[in-house]
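S.K.: Please see the structure below; I have some questions.
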Amino acid sequence: MKKTVCFLLCVLLVFCISLGLAISESSAAEDKVVRIISLPDMTGMYSVVWVGAAFDALDTVIRETNEKGGIKYHDPVTNKTEHVKIKHVWEDTGGKVDRSLSIFKRHMNEPKTLTVLGLNSLDAEAIKPVVKEVKIPALWTACSLKMHTPPEWVFSPISSIYSEQMYALLDWMKRHGLKSIATIGWNAGASWSWHMSLKYFAPQFGIEVIEPMEILPFVPMDTSIQLRRIKSKKPDVIFPALLSKALVQVLKDSYKLGLMDRLVLAANGIDAVPIKMAGEKKCNGVRGQIMGTMTVEDVRENPGVLKADEIVKKHYPRCRTPLRLNLGGWAGWSISEVAIQAVKMALEEVGYEKVNGQAVYDVLTSGVKLDTLFTKPVVLSKDVTYGAHFGTFGQWRDGDFHRLEDWRDYKIVTEKEHREIIKMMGK
Amino acid sequence: MLPCGVFNTTYEKDIAIVRTKTHWSMLIGFVILVLLGPQFLGPKLLDILNYLAIDLIAVLGLNIVIGYCGQIALAQSAFMAVGGYTSAILYGELGLPFFACLFAAGLSSGLAGLVFGSPAVRIKGFYLAMATLAAQFIIIWIIDHTPTVSGGYLGMEVGKPGFFGVSIDSIKAHSYLIFPITLIMIYLHKNLGRSRTGRAFMAIRDNDIAAEVMGVGPSGHKLLAFFLSAFYAGIAGCLWAHYVGRLHPEAFGLMDSIWYVGFLVVGGMGSTMGPIFGTLFLVSLTEFVRFISPVLAGSFPGLSGSIFAASAQLIFGLIVVLFVVFEPRGINHRWELFKNYYRLHPYSY
């Protein structure tokens with residue numbers, strides 16, 4: 001028995017090593033390659049949120065591009081139309097910041113590493129000084145305040161920053177005569193960014209933010225204690241500063257406690273996965289904010305979503321979750337779309353020989369319009385490194401999300417205001 | 001067991017760690033390798049080795065309390081956090097010299113170990129496990145809820161270490177800081193096991209009542225074991241913090257503490273080589289499964305990369321389980337058998 005197990009393990013090891021060598025040889029044979037690093041948490045605690053879907057989406061975009069021959073561009077040096085393949089370099093971070101930093105540092109000096117893509121804000125905050133030092137721009141799906149204060153080499157092309165979202169939420173509450181708001185979230189940067197932004201802007205609108213924010217574990221089994229405490233304070237709006245499975249639990253428990261009409265979801269406003277998991281019928285009446293990460297038209301008719309669905313079906317024929325239902329999928333897809341466009345423009349600007357992270361950064365901050373496939377094109381700059389400054393509100397009715405009002409441009413929160421909110425977070 | 005033909009004829013020979021010419025040449029070769037290695041190894045491998053060395057210090061510490069003294073401790077990662085934060089604050093805010101911060105990190109962590117190890121005087125077994133588990137949660141909770149000092153959930157930037165005008169800012173430079181400290185900690189650990197204190201620890205581990213009858217005070221020695229174990233964790237935490245350049249309470253989770261115990265179980269408890277083997281084996285395995293996931297995902301384009309990342313973790317878990325089932329005394333036991341075989345060669349008596 002012992003010998004058999006040892007033998008099987010040896011066979012497995014030899015198989016993996018030979019496969020690895022074979023693959024590295026085949027990729028080494030490629031002549032023109034640019035590298036994009038991504039830092040997904042596939043086995044850690046963020047993997048249960050939406051990182052898996054986001055990673056699959058961004059990987060799909062890169063696979064699709066490579067399948068079509070790579071990035072097609074006009075080289076200014078050779079004056080010819082050329083193709084360059086993308087090498088997607090990734091390793092599972094396991095949800096550990098040090099691991100993400102380490103993976104990036106191991107790969108950042110490889111030739112033609114042009115950008116790094118990431119998914120959660122903690123990683124972005126940690127990697128910020130490093131990407132600035134080595135001049136490789138980072139594109140992230142998350143958009144916490146610390147990521148962009150001060151604005152440096154980290155970009156969130158598809159998202160409005162959490163402070164803008166809360167300003168818009170307070171504005172919406174004032175227009176609807178709602179006077180108080182309570183939050184329920186994680187003890188994490190994203191939830192506190194949302195909560196403190198609310199606290200900072202609330203006096204301007206004469207709205208009361210009920211303290212303290214109720215804290216939940218990352219994957220809670222029950223949230224009714226926290227929700228009962230909130231209910232006793234009778235807020236007009238309950239804002240779950242959460243995503244995915246934690247949000248599902250809040251939705252389920254809110255239904256039991258009769259709080260559905262008070263819930264207003266944030267960035268995840270039209271993320272259908274938690275709504276489906278909590279029960280579509282039960283979620284009737286829940287309202288949500290639709291921000292820049294989302295489609296500007298009706299979800300089901302958006303040409304970008306339909307095109308993406310087709311591509312997903314091609315690569316993953318057994319995929320059961322259409323992309324249009326998945327927030328993570330859209331987020332991952334959009335950042336890789338933007339990254340590939342920026343790389344293409346950089347190649348057309350300086351040519352393959354001279355292209356580097358600085359060239360991609362110059363494109364990203366040049367004020368050029370970047371297409372995210374799903375939303376209106378976004379424009380980034382050196383001062384405002386996050387993208388979509390618009391949004392609206394909608395409501396769930398029988399599994400469909402209905403827009404409640406027209407799209408509005410968001411107030412762009414200044415760096416000074418962000419510094420003050422971060423100062424509040426530090427206390 | 002001594003090699004064939006080697007006899008301890010003097011007290012000096014009896015206490016020597018390095019006994020034979022072969023030992024000396026291997027040691028010199030190893031030190032040269034450690035000193036010259038960073039010059040020739042690439043950043044990827046050096047980065048892995050740096051983390052491996054830091055983990056090794058933490059596991060050596062754990063071996064003092066679990067392997068030598070027979071107590072249970074499930075908060076090594078939290079003690080690392082104490083060391084890391086202490087050093088970051090002293091170095092960043094007060095501008096103390098790096099080596100003073102390193103020592104202070106060990107000391108503060110050691111004191112925390114002393115506090116949370118104090119239940120060991122009264123309780124043992126599962127109850128002690130629960131008490132030390134509480135340390136893991138309490139320490140991280142304190143860090144999380146003192147944002148003015150620790151940065152709380154926002155985390156904290158940690159300055160790059162520097163001394164005598166030399167700034168340690170690259171992976172290679174960090175190797176020259178981490179490797180010698182690791183060697184010193186291994187040497188101290190080895191000597192502790194041979195000292196009066198170390199033997200007292202082992203006596204308590206084997207039978208604490210018998211040890212007490214023989215004049216070994218269990219309470220004091222148990223507390224000392226917790227102090228030393230946490231001291232090691234503090235040193236590891238300090239090196240980790242300055243190497244990564246950032247601290248966040250999430251980096252010091254319960255799972256890390258449990259994995260450190262896993263390193264010890266796989267390597268073998270109660271020896272110096274056990275933690276080395278355990279750390280080497282499991283860190284290499286982790287790196288291997290992480291390396292192989294993207295490769296496999298690239299080979300099977302119809303499948304999601306997440307499947308390979310997750311299945312790699314399963315394989316990793318399976319290997320550890322098989323190991324524990326078939327060799328519960330750890331890799332070190334196999335190594336001892338192998339060594340003894342060759343030491344007796346060619347006479348198998």
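So you can find residues: chains in the structure tokens are A, B, ... in the order shown, residues in each start at 1, and ligands are numbered from 1 in order.
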Can you list every residue of chain B that has an atom at most 8 Å from chain A, with its nearest atom pair and the distance in Å to one decimal, using only C-alpha atoms, ordered by chain then number, as a tab-separated table?
M.R.:
```
residue	atom	partner	partner_atom	distance
B:Pro43	CA	A:Arg106	CA	6.2
B:Lys44	CA	A:Arg106	CA	4.9
B:Asp47	CA	A:Ser102	CA	7.2
B:Pro147	CA	A:Gly426	CA	5.6
B:Thr148	CA	A:Lys427	CA	5.9
B:Gly151	CA	A:Gly426	CA	6.4
B:Gly152	CA	A:Gly426	CA	7.4
B:Tyr153	CA	A:Ala188	CA	6.0
B:Leu154	CA	A:Gly189	CA	6.2
B:Val244	CA	A:Asp98	CA	6.1
B:Arg246	CA	A:Ala126	CA	6.8
B:Glu250	CA	A:Lys96	CA	7.7
B:Ala251	CA	A:Lys96	CA	6.2
B:Arg290	CA	A:Glu91	CA	6.1
B:Phe291	CA	A:Glu91	CA	6.8
B:Ile292	CA	A:Gly20	CA	6.7
B:Ser293	CA	A:Glu91	CA	7.5
B:Pro294	CA	A:Trp90	CA	6.5
B:Val295	CA	A:Gly20	CA	5.8
B:Leu296	CA	A:Gly20	CA	7.6
B:Gly298	CA	A:Ile23	CA	7.9
B:Ser299	CA	A:Ile23	CA	7.4
B:Pro301	CA	A:His315	CA	7.5
B:Gly302	CA	A:His315	CA	5.8
B:Leu303	CA	A:Tyr316	CA	6.8
B:Ser304	CA	A:Asp56	CA	6.2
B:Gly305	CA	A:Asp56	CA	6.9
B:Ser306	CA	A:Met42	CA	5.9
B:Ala309	CA	A:Met42	CA	6.3
B:Ala310	CA	A:Thr43	CA	6.1
B:Gln313	CA	A:Thr43	CA	7.8
B:Phe326	CA	A:Lys2	CA	7.4
```
S.K.: With N, CA and C atoms retained, export the selected residues as a CSV table (one decimal), in the first residue's frame.
M.R.:
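Output file out-v6.csv is given in full below:
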```csv
chain,number,residue,atom,x,y,z
B,43,PRO,N,15.6,36.5,-8.3
B,43,PRO,CA,14.7,37.1,-7.3
B,43,PRO,C,13.5,36.1,-6.9
B,44,LYS,N,13.0,35.3,-7.9
B,44,LYS,CA,11.9,34.4,-7.6
B,44,LYS,C,12.3,33.4,-6.5
B,47,ASP,N,13.1,35.1,-3.1
B,47,ASP,CA,11.9,35.5,-2.4
B,47,ASP,C,11.3,34.3,-1.7
B,147,PRO,N,-6.7,51.6,16.0
B,147,PRO,CA,-6.2,52.2,14.7
B,147,PRO,C,-5.2,53.3,14.9
B,148,THR,N,-5.3,54.1,16.0
B,148,THR,CA,-4.3,55.2,16.2
B,148,THR,C,-2.9,54.7,16.3
B,151,GLY,N,-3.0,51.3,13.0
B,151,GLY,CA,-3.6,51.5,11.7
B,151,GLY,C,-4.8,50.7,11.5
B,152,GLY,N,-5.1,49.8,12.5
B,152,GLY,CA,-6.4,49.0,12.4
B,152,GLY,C,-6.5,48.3,11.1
B,153,TYR,N,-7.8,48.3,10.6
B,153,TYR,CA,-8.1,47.6,9.4
B,153,TYR,C,-7.4,48.3,8.2
B,154,LEU,N,-7.0,49.5,8.3
B,154,LEU,CA,-6.3,50.2,7.2
B,154,LEU,C,-4.9,49.7,7.0
B,244,VAL,N,8.0,42.5,3.9
B,244,VAL,CA,6.8,42.8,3.1
B,244,VAL,C,6.6,44.3,2.9
B,246,ARG,N,4.6,46.1,4.8
B,246,ARG,CA,3.2,46.5,5.1
B,246,ARG,C,2.6,45.5,6.1
B,250,GLU,N,-5.1,41.0,8.9
B,250,GLU,CA,-5.6,39.8,8.2
B,250,GLU,C,-4.4,38.9,7.8
B,251,ALA,N,-3.2,39.5,7.8
B,251,ALA,CA,-2.0,38.7,7.4
B,251,ALA,C,-1.7,37.7,8.5
B,290,ARG,N,1.2,26.1,-6.4
B,290,ARG,CA,0.9,27.4,-6.9
B,290,ARG,C,1.5,27.6,-8.3
B,291,PHE,N,2.6,27.1,-8.5
B,291,PHE,CA,3.3,27.2,-9.8
B,291,PHE,C,2.6,26.4,-10.9
B,292,ILE,N,2.1,25.2,-10.5
B,292,ILE,CA,1.6,24.3,-11.5
B,292,ILE,C,0.1,24.6,-11.9
B,293,SER,N,-0.6,25.4,-11.0
B,293,SER,CA,-2.0,25.7,-11.4
B,293,SER,C,-2.1,26.5,-12.7
B,294,PRO,N,-1.4,27.6,-12.8
B,294,PRO,CA,-1.5,28.3,-14.1
B,294,PRO,C,-1.1,27.5,-15.3
B,295,VAL,N,-0.1,26.6,-15.1
B,295,VAL,CA,0.5,25.8,-16.2
B,295,VAL,C,-0.6,24.8,-16.6
B,296,LEU,N,-1.3,24.2,-15.6
B,296,LEU,CA,-2.3,23.2,-16.0
B,296,LEU,C,-3.5,23.9,-16.6
B,298,GLY,N,-3.4,26.6,-18.4
B,298,GLY,CA,-3.0,26.9,-19.8
B,298,GLY,C,-3.1,25.7,-20.7
B,299,SER,N,-2.9,24.5,-20.1
B,299,SER,CA,-3.0,23.3,-20.9
B,299,SER,C,-4.4,22.8,-21.2
B,301,PRO,N,-7.6,24.7,-21.9
B,301,PRO,CA,-8.2,26.0,-22.0
B,301,PRO,C,-9.7,25.9,-21.8
B,302,GLY,N,-10.3,24.8,-21.9
B,302,GLY,CA,-11.8,24.7,-21.7
B,302,GLY,C,-12.2,24.8,-20.3
B,303,LEU,N,-11.3,24.7,-19.4
B,303,LEU,CA,-11.6,24.7,-18.0
B,303,LEU,C,-11.1,26.0,-17.3
B,304,SER,N,-11.9,26.3,-16.2
B,304,SER,CA,-11.5,27.6,-15.5
B,304,SER,C,-10.3,27.4,-14.7
B,305,GLY,N,-9.5,28.5,-14.6
B,305,GLY,CA,-8.3,28.4,-13.8
B,305,GLY,C,-8.6,28.2,-12.4
B,306,SER,N,-9.7,28.6,-11.9
B,306,SER,CA,-10.1,28.4,-10.5
B,306,SER,C,-10.1,27.0,-10.1
B,309,ALA,N,-6.6,25.9,-9.4
B,309,ALA,CA,-6.1,26.5,-8.2
B,309,ALA,C,-6.7,25.7,-7.0
B,310,ALA,N,-8.0,25.4,-7.1
B,310,ALA,CA,-8.6,24.7,-5.9
B,310,ALA,C,-8.2,23.3,-5.9
B,313,GLN,N,-4.9,22.8,-4.3
B,313,GLN,CA,-5.0,22.9,-2.8
B,313,GLN,C,-5.4,21.5,-2.3
B,326,PHE,N,1.2,7.8,7.1
B,326,PHE,CA,2.2,6.8,6.9
B,326,PHE,C,3.5,7.1,7.7
```
S.K.: Determine, counting only C-alpha atoms, which protein, DNA and RNA residues have an atom within 10 Å of an atom of Lys354 in chain A; residues of the same chain fewer than 6 positions away are not included. Present the result as a ChimeraX atom specification.
M.R.: /A:77,112,346-347
S.K.: As a PyMOL selection string, please: every residue in range 92-193 of chain B that DSSP puts in alpha helix (DSSP H).
M.R.: chain B and resi 92+98-117+126-144+147-150+171-193
S.K.: Save the residues we just selected, C-alpha atoms, as a PDB file, in the first residue's frame?
M.R.:
```
ATOM      1  CA  GLY B  92       8.878  54.009  12.001  1.00  0.00           C
ATOM      2  CA  PHE B  98      16.829  48.233  13.417  1.00  0.00           C
ATOM      3  CA  PHE B  99      18.545  45.672  15.616  1.00  0.00           C
ATOM      4  CA  ALA B 100      17.122  47.305  18.738  1.00  0.00           C
ATOM      5  CA  CYS B 101      13.688  47.006  17.131  1.00  0.00           C
ATOM      6  CA  LEU B 102      14.384  43.372  16.266  1.00  0.00           C
ATOM      7  CA  PHE B 103      15.242  42.586  19.879  1.00  0.00           C
ATOM      8  CA  ALA B 104      12.298  44.614  21.181  1.00  0.00           C
ATOM      9  CA  ALA B 105      10.020  42.703  18.792  1.00  0.00           C
ATOM     10  CA  GLY B 106      11.200  39.416  20.241  1.00  0.00           C
ATOM     11  CA  LEU B 107      10.899  40.713  23.777  1.00  0.00           C
ATOM     12  CA  SER B 108       7.389  42.158  23.405  1.00  0.00           C
ATOM     13  CA  SER B 109       6.199  39.019  21.718  1.00  0.00           C
ATOM     14  CA  GLY B 110       7.865  36.934  24.409  1.00  0.00           C
ATOM     15  CA  LEU B 111       6.026  38.880  27.085  1.00  0.00           C
ATOM     16  CA  ALA B 112       2.745  38.342  25.247  1.00  0.00           C
ATOM     17  CA  GLY B 113       3.622  34.642  25.140  1.00  0.00           C
ATOM     18  CA  LEU B 114       4.261  34.724  28.854  1.00  0.00           C
ATOM     19  CA  VAL B 115       0.843  36.264  29.521  1.00  0.00           C
ATOM     20  CA  PHE B 116      -1.095  33.891  27.287  1.00  0.00           C
ATOM     21  CA  GLY B 117       1.021  30.911  28.298  1.00  0.00           C
ATOM     22  CA  PHE B 126      -7.341  20.534  25.063  1.00  0.00           C
ATOM     23  CA  TYR B 127      -7.956  23.186  27.707  1.00  0.00           C
ATOM     24  CA  LEU B 128      -4.560  24.729  27.075  1.00  0.00           C
ATOM     25  CA  ALA B 129      -5.223  24.592  23.338  1.00  0.00           C
ATOM     26  CA  MET B 130      -8.378  26.629  23.900  1.00  0.00           C
ATOM     27  CA  ALA B 131      -6.522  29.134  26.076  1.00  0.00           C
ATOM     28  CA  THR B 132      -3.815  29.709  23.478  1.00  0.00           C
ATOM     29  CA  LEU B 133      -6.449  29.853  20.751  1.00  0.00           C
ATOM     30  CA  ALA B 134      -7.960  32.768  22.653  1.00  0.00           C
ATOM     31  CA  ALA B 135      -4.610  34.553  22.338  1.00  0.00           C
ATOM     32  CA  GLN B 136      -4.918  34.362  18.574  1.00  0.00           C
ATOM     33  CA  PHE B 137      -8.261  36.160  18.619  1.00  0.00           C
ATOM     34  CA  ILE B 138      -7.522  38.619  21.418  1.00  0.00           C
ATOM     35  CA  ILE B 139      -4.252  39.851  19.905  1.00  0.00           C
ATOM     36  CA  ILE B 140      -5.728  40.340  16.450  1.00  0.00           C
ATOM     37  CA  TRP B 141      -8.812  42.012  17.952  1.00  0.00           C
ATOM     38  CA  ILE B 142      -6.601  44.471  19.848  1.00  0.00           C
ATOM     39  CA  ILE B 143      -4.629  45.293  16.705  1.00  0.00           C
ATOM     40  CA  ASP B 144      -7.846  45.751  14.760  1.00  0.00           C
ATOM     41  CA  PRO B 147      -6.194  52.186  14.724  1.00  0.00           C
ATOM     42  CA  THR B 148      -4.332  55.179  16.158  1.00  0.00           C
ATOM     43  CA  VAL B 149      -1.416  52.913  17.045  1.00  0.00           C
ATOM     44  CA  SER B 150      -1.610  50.027  14.600  1.00  0.00           C
ATOM     45  CA  ILE B 171      15.101  40.960  -2.188  1.00  0.00           C
ATOM     46  CA  LYS B 172      18.805  40.117  -2.325  1.00  0.00           C
ATOM     47  CA  ALA B 173      19.701  42.579   0.453  1.00  0.00           C
ATOM     48  CA  HIS B 174      16.924  41.137   2.616  1.00  0.00           C
ATOM     49  CA  SER B 175      18.406  37.665   2.098  1.00  0.00           C
ATOM     50  CA  TYR B 176      21.666  38.871   3.638  1.00  0.00           C
ATOM     51  CA  LEU B 177      19.701  40.056   6.658  1.00  0.00           C
ATOM     52  CA  ILE B 178      17.298  37.126   6.997  1.00  0.00           C
ATOM     53  CA  PHE B 179      19.638  34.176   6.334  1.00  0.00           C
ATOM     54  CA  PRO B 180      22.271  34.962   9.015  1.00  0.00           C
ATOM     55  CA  ILE B 181      19.572  35.674  11.606  1.00  0.00           C
ATOM     56  CA  THR B 182      17.940  32.352  10.723  1.00  0.00           C
ATOM     57  CA  LEU B 183      21.268  30.546  11.144  1.00  0.00           C
ATOM     58  CA  ILE B 184      21.754  32.174  14.547  1.00  0.00           C
ATOM     59  CA  MET B 185      18.237  31.184  15.620  1.00  0.00           C
ATOM     60  CA  ILE B 186      18.843  27.574  14.466  1.00  0.00           C
ATOM     61  CA  TYR B 187      22.084  27.464  16.432  1.00  0.00           C
ATOM     62  CA  LEU B 188      20.404  28.839  19.571  1.00  0.00           C
ATOM     63  CA  HIS B 189      17.549  26.373  19.165  1.00  0.00           C
ATOM     64  CA  LYS B 190      19.951  23.464  18.793  1.00  0.00           C
ATOM     65  CA  ASN B 191      21.874  24.515  21.875  1.00  0.00           C
ATOM     66  CA  LEU B 192      18.711  25.057  23.900  1.00  0.00           C
ATOM     67  CA  GLY B 193      17.797  21.414  23.344  1.00  0.00           C
TER      68      GLY B 193
END
```
S.K.: Work out how far CA of Leu228 in chain B is from CA of Val65 in chain B, in Å to one decimal.
M.R.: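 Spanning CA of Val65 in chain B to CA of Leu228 in chain B is a straight-line distance of 8.0 Å.
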S.K.: Could you please determine the separation between CA of Gly61 in chain B and CA of Gly29 in chain B in Å, to one decimal place?
M.R.: 26.0 Å
S.K.: Write out as a list in words which residues come within 10 Å of Ala241 in chain A when counting only C-alpha atoms, dropping same-chain ones fewer than 4 positions away.
M.R.: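 Contacts, with the query itself left out: Thr183, Ile184, Gly185, Trp186, Ala188, Ala190, Ser191, Trp192, Ser193, Trp194, His195, Met213, Glu214, Ile215, Ala246, Leu247, Val264, Leu265, Ala266, Ala267 and Asn268 of chain A.
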S.K.: Quick one: DSSP strand (DSSP E) residues in range 170-387 of chain A, as a ChimeraX atom specification?
M.R.: /A:180-186,208-216,237-241,264-265,287-290,369-370,378-379
S.K.: May I ask which of the residues A:Lys132, A:His389, A:Arg397, A:Arg419 is the closest one to Glu280 in chain A, counting only C-alpha atoms?
M.R.: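 Of A:Lys132, A:His389, A:Arg397, A:Arg419, the one nearest Glu280 in chain A is A:Arg397, counting only C-alpha atoms.
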S.K.: Tell me, in Å to one decimal, how far CA of Ile57 in chain B is from CA of Ala233 in chain B.
M.R.: 6.9 Å
S.K.: Give me the residues within 12 Å of Gly206 in chain A as a list in words, counting only C-alpha atoms and dropping any in the same chain fewer than 6 places off.
M.R.: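 Using only C-alpha atoms, the neighbours found are Leu170, Asp171, Met173, Lys174, Arg175, Gly177, Leu178, Lys179, Ser180, Ile181, Leu198, Lys199 and Tyr200 of chain A.
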S.K.: Deliver the residues from the most recent selection as a file, using C-alpha atoms, as a JSON list (two decimals), in the first residue's frame.
M.R.:
```json
[["chain", "number", "residue", "atom", "x", "y", "z"],
["A", 170, "LEU", "CA", -27.38, 60.66, 0.31],
["A", 171, "ASP", "CA", -28.51, 62.92, -2.51],
["A", 173, "MET", "CA", -32.29, 59.95, 0.05],
["A", 174, "LYS", "CA", -32.75, 63.71, 0.39],
["A", 175, "ARG", "CA", -34.73, 63.87, -2.85],
["A", 177, "GLY", "CA", -37.40, 62.67, 1.99],
["A", 178, "LEU", "CA", -35.53, 59.87, 3.79],
["A", 179, "LYS", "CA", -33.90, 61.11, 6.98],
["A", 180, "SER", "CA", -31.73, 58.36, 8.50],
["A", 181, "ILE", "CA", -29.49, 55.53, 7.37],
["A", 198, "LEU", "CA", -21.67, 58.51, 4.58],
["A", 199, "LYS", "CA", -20.71, 60.05, 7.92],
["A", 200, "TYR", "CA", -18.60, 62.72, 6.24]]
```
S.K.: Fewer than 3 positions away in the same chain doesn't count, so skip those; otherwise give me all residues within 6 Å of Lys369 in chain A, counting only C-alpha atoms, as a compact mmCIF listing (two decimals) with C-alpha atoms, in the first residue's frame.
M.R.:
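Output saved as part17.txt:
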```txt
# COMPACT_ATOMS: atom_id res chain seq x y z
CA PRO A 377 -16.46 54.87 -22.27
CA VAL A 378 -14.39 56.11 -19.34
CA VAL A 379 -11.69 58.75 -19.22
```
S.K.: I'd like the neighbourhood of Ser336 in chain A as a ChimeraX atom specification, where a residue qualifies if any of its atoms comes within 9 Å (using only C-alpha atoms), though same-chain residues fewer than 4 positions away should be ignored.
M.R.: /A:57-59,61-62,117,139,331-332,340-341,372
S.K.: Taking into account only C-alpha atoms, which residue in the set B:Gly84, B:Gly270, B:Leu285, B:Ile307 is nearest to Ile319 in chain B?
M.R.: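 Checking each of B:Gly84, B:Gly270, B:Leu285, B:Ile307 against Ile319 in chain B, counting only C-alpha atoms, the winner is B:Leu285.
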S.K.: Point out the residue among B:Ile32, B:Met273, B:Leu74, B:Met156 with the least atom-to-atom distance to Leu60 in chain B, counting only C-alpha atoms.
M.R.: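 Looking at the shortest contact to Leu60 in chain B, the residue is B:Met273.
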S.K.: Using only C-alpha atoms, which of the listed residues (B:Met80, B:Ile168, B:Leu90, B:Ile48) sits closest to Leu282 in chain B?
M.R.: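 Checking each of B:Met80, B:Ile168, B:Leu90, B:Ile48 against Leu282 in chain B, counting only C-alpha atoms, the winner is B:Ile48.
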